[in-house]
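Asks: Just passing along the structure, written as structure tokens.
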Amino acid sequence: MPLTESQIIGLVKKSGLLLLDESTIAKAENYAASTKSPSLLASLVESGVITEDQISTVIADYYKVPVISLSKVSIPESVAHIIPEKVARKQKAIVFAKDGSGVKVALNDPSNQTILALVSKKTGMKVTPYYASASDVEGTIQLYKKALQKTIDELLKEYVKQATLYQGDLPIIKVVDVLINAAYQDRASDIHIEPEEKTSLIRFRIDGVLQDVLRVPREIHERIISRIKVLSNLRTDEHLSAQDGKMTEKLEEENLDIRVSIIPITEGEKAVLRLLSGHAREYTLSDLGMNPADLQKVTKAFNKTYGMILSTGPTGSGKTTSIYAILKILNTREKNIMTIEDPVEYRIQGANQVQVNAKTNLTFANGLRSILRQDPNVIFVGEIRDSETAGIAVNAALTGHLVLSTLHTNDAATAIPRLTDMKVEPFLVASTVNIIIAQRLVRQICSACKVEERIPVTELSKHFPELLVQKYFGSKDEVAIHKGKGCKICRQTGYLGRVGLFEVLEITKGIRKLISERVDSDVIAQAAIKEGMKTMLDDGLEKIASGMTTIEEIIRVTKVETLQ
């Protein structure tokens, strides 16, 4: 049996590695309560009391086994596959080395004799257990997903060979299933199936960037589109108009909801499948990359029982994910949470979610009016698109409701003139908005192939303001930055996963006064910076300095003008 959280905390106390007294535990418990984190251990890590490496050392010492950091080890694919993928995921165990002396197994629970016996029986060799954290093991099992790509290619090749023998009876069902499963394991948000003159190109959007996956013959393309239409309850005989639908794919991990869009282009029909994984909404704000100071401001804002919280940024910047992270914290039995969304992409257990429907005149504005008669405590408006919705949302915030919503603006300060353009009086904006969160998403450097590189500080100064460069890198001639070399785990991109860049504008007394005076958004931004607001560029340079992302990513994503 793996150690319980209380047992691990007890071991840390006994180890003498660091002072973990009752006062420190109490602070971590308060932190866990404020962020609704289910894990005290995770709160100790997030609040900087202890590191994951220290926890790993203590657990490994307890089991009397060595500790291994799998992200720093190159594992041959044949070795990784000694433990079947499904077993490895369930048991959190992976073989990472095999030589003349035997095999080495990394486990999150080194006392798991069942898995050790399985490896010993399969290889006929001596087995040495090592301890690795659960997240380290799960990240390394990414190696398995590369086999899925081969599976797709082999299936398609086999089906093409059989096409002459079994005209009209290709097992496309299996092709579509494997394709969706491969995209899910690759953490893709979208699958693009694009017809070309002689072939069809399939691409996955991974970490916000489209990547070519494979090409299939045109006859396969048409059958894949037909299969998707059947699953989505769309018309299979309609090829000249756009169709939208929804389907559910039963995977081992979850029942995956998929939003389907099919549109005719010059070469045929193109399909885009949006994978709506429930795991994508299980993040906390600190998981998303929000620094402790900004997290404290946001926590203060959503702990109020009234007012408005706005999340701003372009499409795909993670606005809805941030709002869902807040709703997850607010979602308690004593609160009535109502949402109006277009579309409702993720189900929130315990919340009442309303789907916008233009055919029945259930618009954001009309839906919001009806929601106000449902005795809500917290209201989430998917997007403020027009003056009518803006006016009702502001009035809801004035009358004792906590309103959360999203806006499409470049930065936090420009959300204010955006609302006033929607005919909301400045004094109403000033008195209702609690906080504005602007954000972008940048790709994180892959930890498996991360390397340090020294560059002249002038290289940074070409792209970023001198004052900011000095603030985060000092006035040295050379600075250390990091990048990913590219490996199998990250598909040779050097990046794995994404993290948020945040700009949190707290509406203080000074900012309220400026809003009421109808000053320009630049003046509001300057005042907020003087009061301690970090811009997205600030946050980006801090993440470069900490080795989290690259200069290229920050340049790619931050298109906002710096005010430093």
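Each chain in the structure tokens gets a letter, A, B, ..., in the order shown, and its residues are numbered from 1; ligands are numbered from 1 in order too.
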Could you give me, as a PyMOL selection string, the residues within 12 Å of Val356 (chain A), counting only C-alpha atoms and dropping anything in the same chain fewer than 5 positions from it?
Replies: chain A and resi 339-345+361-368+381-383
Asks: Neighbours of Glu196 (chain A) within 8 Å (only C-alpha atoms; same-chain residues fewer than 4 positions away dropped), as a PyMOL selection string?
Replies: chain A and resi 200-201+218+267-268
Asks: Can you list, as a VMD selection string, every residue of region 342-548 of chain A that DSSP puts in alpha helix (DSSP H)?
Replies: chain A and resid 364 to 372 387 to 398 415 to 421 426 to 432 457 to 461 466 to 473 509 to 516 521 to 530 536 to 545
Asks: Tell me, as a ChimeraX atom specification, which residues lie within 6 Å of region 454-468 of chain A, counting only C-alpha atoms; anything in the same chain fewer than 6 positions away does not count.
Replies: /A:477-480
Asks: Kindly assemble as CSV a list of the region 422-505 of chain A residues that lie within 8 Å of region 202-215 of chain A, each paired with its nearest atom pair and their distance in Å to one decimal, using only C-alpha atoms, sorted first by chain and then by ascending residue number.
Replies:
```
residue,atom,partner,partner_atom,distance
A:Arg443,CA,A:Asp207,CA,6.3
A:Leu496,CA,A:Asp207,CA,7.4
A:Gly497,CA,A:Asp207,CA,5.9
A:Arg498,CA,A:Asp207,CA,6.0
```
Asks: For Asn255 (chain A), work out the shell of residues within 10 Å, counting only C-alpha atoms and skipping chain neighbours fewer than 5 positions away, then give it as an NGL selection string.
Replies: :A and (248-250 or 276-278)
Asks: Go through region 47-146 of chain A and collect every residue that DSSP, computed from the backbone, puts in strand (DSSP E or B); the answer should be as a VMD selection string.
Replies: chain A and resid 67 93 to 99 102 to 107 127 to 131
Asks: Can you build me a table of region 371-430 of chain A residues sitting at most 9 Å from region 310-316 of chain A, with the closest atom pair per residue and its distance in Å to one decimal, using only C-alpha atoms, sorted by chain and residue number, as a tab-separated table?
Replies:
```
residue	atom	partner	partner_atom	distance
A:Val403	CA	A:Leu310	CA	8.4
A:Leu404	CA	A:Leu310	CA	5.9
A:Ser405	CA	A:Leu310	CA	5.1
A:Thr406	CA	A:Ser311	CA	4.7
A:Leu407	CA	A:Thr312	CA	4.8
A:His408	CA	A:Gly313	CA	5.2
A:Thr409	CA	A:Gly313	CA	5.3
A:Asn410	CA	A:Gly313	CA	5.7
A:Asp411	CA	A:Gly313	CA	6.7
A:Ala412	CA	A:Thr312	CA	6.7
A:Ala415	CA	A:Thr312	CA	7.3
```
Asks: Excluding Lys98 (chain A) and its own-chain neighbours fewer than 4 positions away, which residues fall within 12 Å of it when counting only C-alpha atoms? Please give them as number ranges by chain.
Replies: A: 74-82, 94, 102-105, 119-120, 123-128
Asks: Can you pull out every residue within 7 Å of Leu275 (chain A), counting only C-alpha atoms, but drop anything in the same chain fewer than 4 positions away, and send it as a ChimeraX atom specification?
Replies: /A:189-190,257-259
Asks: Using C-alpha atoms, can you write the selected residues to a file as a PDB file, in the first residue's frame?
Replies:
```pdb
ATOM      1  CA  SER A 189      -7.334  20.069 -28.016  1.00  0.00           C
ATOM      2  CA  ASP A 190      -8.434  19.684 -31.660  1.00  0.00           C
ATOM      3  CA  ASP A 257     -17.274  14.842 -25.240  1.00  0.00           C
ATOM      4  CA  ILE A 258     -16.322  16.032 -28.728  1.00  0.00           C
ATOM      5  CA  ARG A 259     -17.691  19.073 -30.547  1.00  0.00           C
TER       6      ARG A 259
END
```
Asks: Listing only residues of region 438-502 of chain A within 10 Å of region 520-541 of chain A, what is the closest atom pair and its distance in Å (to one decimal) for each, using only C-alpha atoms, sorted by chain and residue number ascending, as JSON lines?
Replies:
```
{"residue": "A:Ala438", "atom": "CA", "partner": "A:Met536", "partner_atom": "CA", "distance": 7.8}
{"residue": "A:Gln439", "atom": "CA", "partner": "A:Met536", "partner_atom": "CA", "distance": 7.1}
{"residue": "A:Arg440", "atom": "CA", "partner": "A:Met536", "partner_atom": "CA", "distance": 7.9}
{"residue": "A:Val442", "atom": "CA", "partner": "A:Gly540", "partner_atom": "CA", "distance": 8.7}
{"residue": "A:Leu460", "atom": "CA", "partner": "A:Leu541", "partner_atom": "CA", "distance": 9.7}
{"residue": "A:Phe464", "atom": "CA", "partner": "A:Leu537", "partner_atom": "CA", "distance": 8.4}
{"residue": "A:Pro465", "atom": "CA", "partner": "A:Leu537", "partner_atom": "CA", "distance": 9.6}
{"residue": "A:Leu468", "atom": "CA", "partner": "A:Asp538", "partner_atom": "CA", "distance": 7.0}
{"residue": "A:Val469", "atom": "CA", "partner": "A:Leu541", "partner_atom": "CA", "distance": 7.6}
{"residue": "A:Lys471", "atom": "CA", "partner": "A:Leu541", "partner_atom": "CA", "distance": 9.2}
{"residue": "A:Tyr472", "atom": "CA", "partner": "A:Leu541", "partner_atom": "CA", "distance": 6.8}
{"residue": "A:Phe473", "atom": "CA", "partner": "A:Leu541", "partner_atom": "CA", "distance": 8.9}
{"residue": "A:Gly500", "atom": "CA", "partner": "A:Gly540", "partner_atom": "CA", "distance": 9.0}
{"residue": "A:Leu501", "atom": "CA", "partner": "A:Met536", "partner_atom": "CA", "distance": 5.5}
{"residue": "A:Phe502", "atom": "CA", "partner": "A:Met536", "partner_atom": "CA", "distance": 5.3}
```
Asks: Find the distance between CA of Ile225 (chain A) and CA of Glu154 (chain A) and write it in Å to one decimal.
Replies: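 Spanning CA of Ile225 (chain A) to CA of Glu154 (chain A) is a straight-line distance of 19.8 Å.
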Asks: Please indicate the distance in Å from CA of Glu253 (chain A) to CA of Leu179 (chain A), rounded to one decimal place.
Replies: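 Interatomic distance, CA of Glu253 (chain A) to CA of Leu179 (chain A): 15.6 Å.
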Asks: Quick one: of A:Thr360, A:Tyr306, A:Thr284, A:Gly139, who's nearest to Ile326 (chain A), counting only C-alpha atoms?
Replies: A:Thr284
Asks: Could you work out how far CA of Leu11 (chain A) lies from CA of Val58 (chain A), giving the answer in Å with one decimal?
Replies: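 According to the coordinates, CA of Val58 (chain A) and CA of Leu11 (chain A) are separated by 6.7 Å.
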Asks: Using only C-alpha atoms, which of the listed residues (A:Lys14, A:Lys198, A:Lys359, A:Arg518) sits closest to Glu425 (chain A)?
Replies: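 Of A:Lys14, A:Lys198, A:Lys359, A:Arg518, the one nearest Glu425 (chain A) is A:Arg518, counting only C-alpha atoms.
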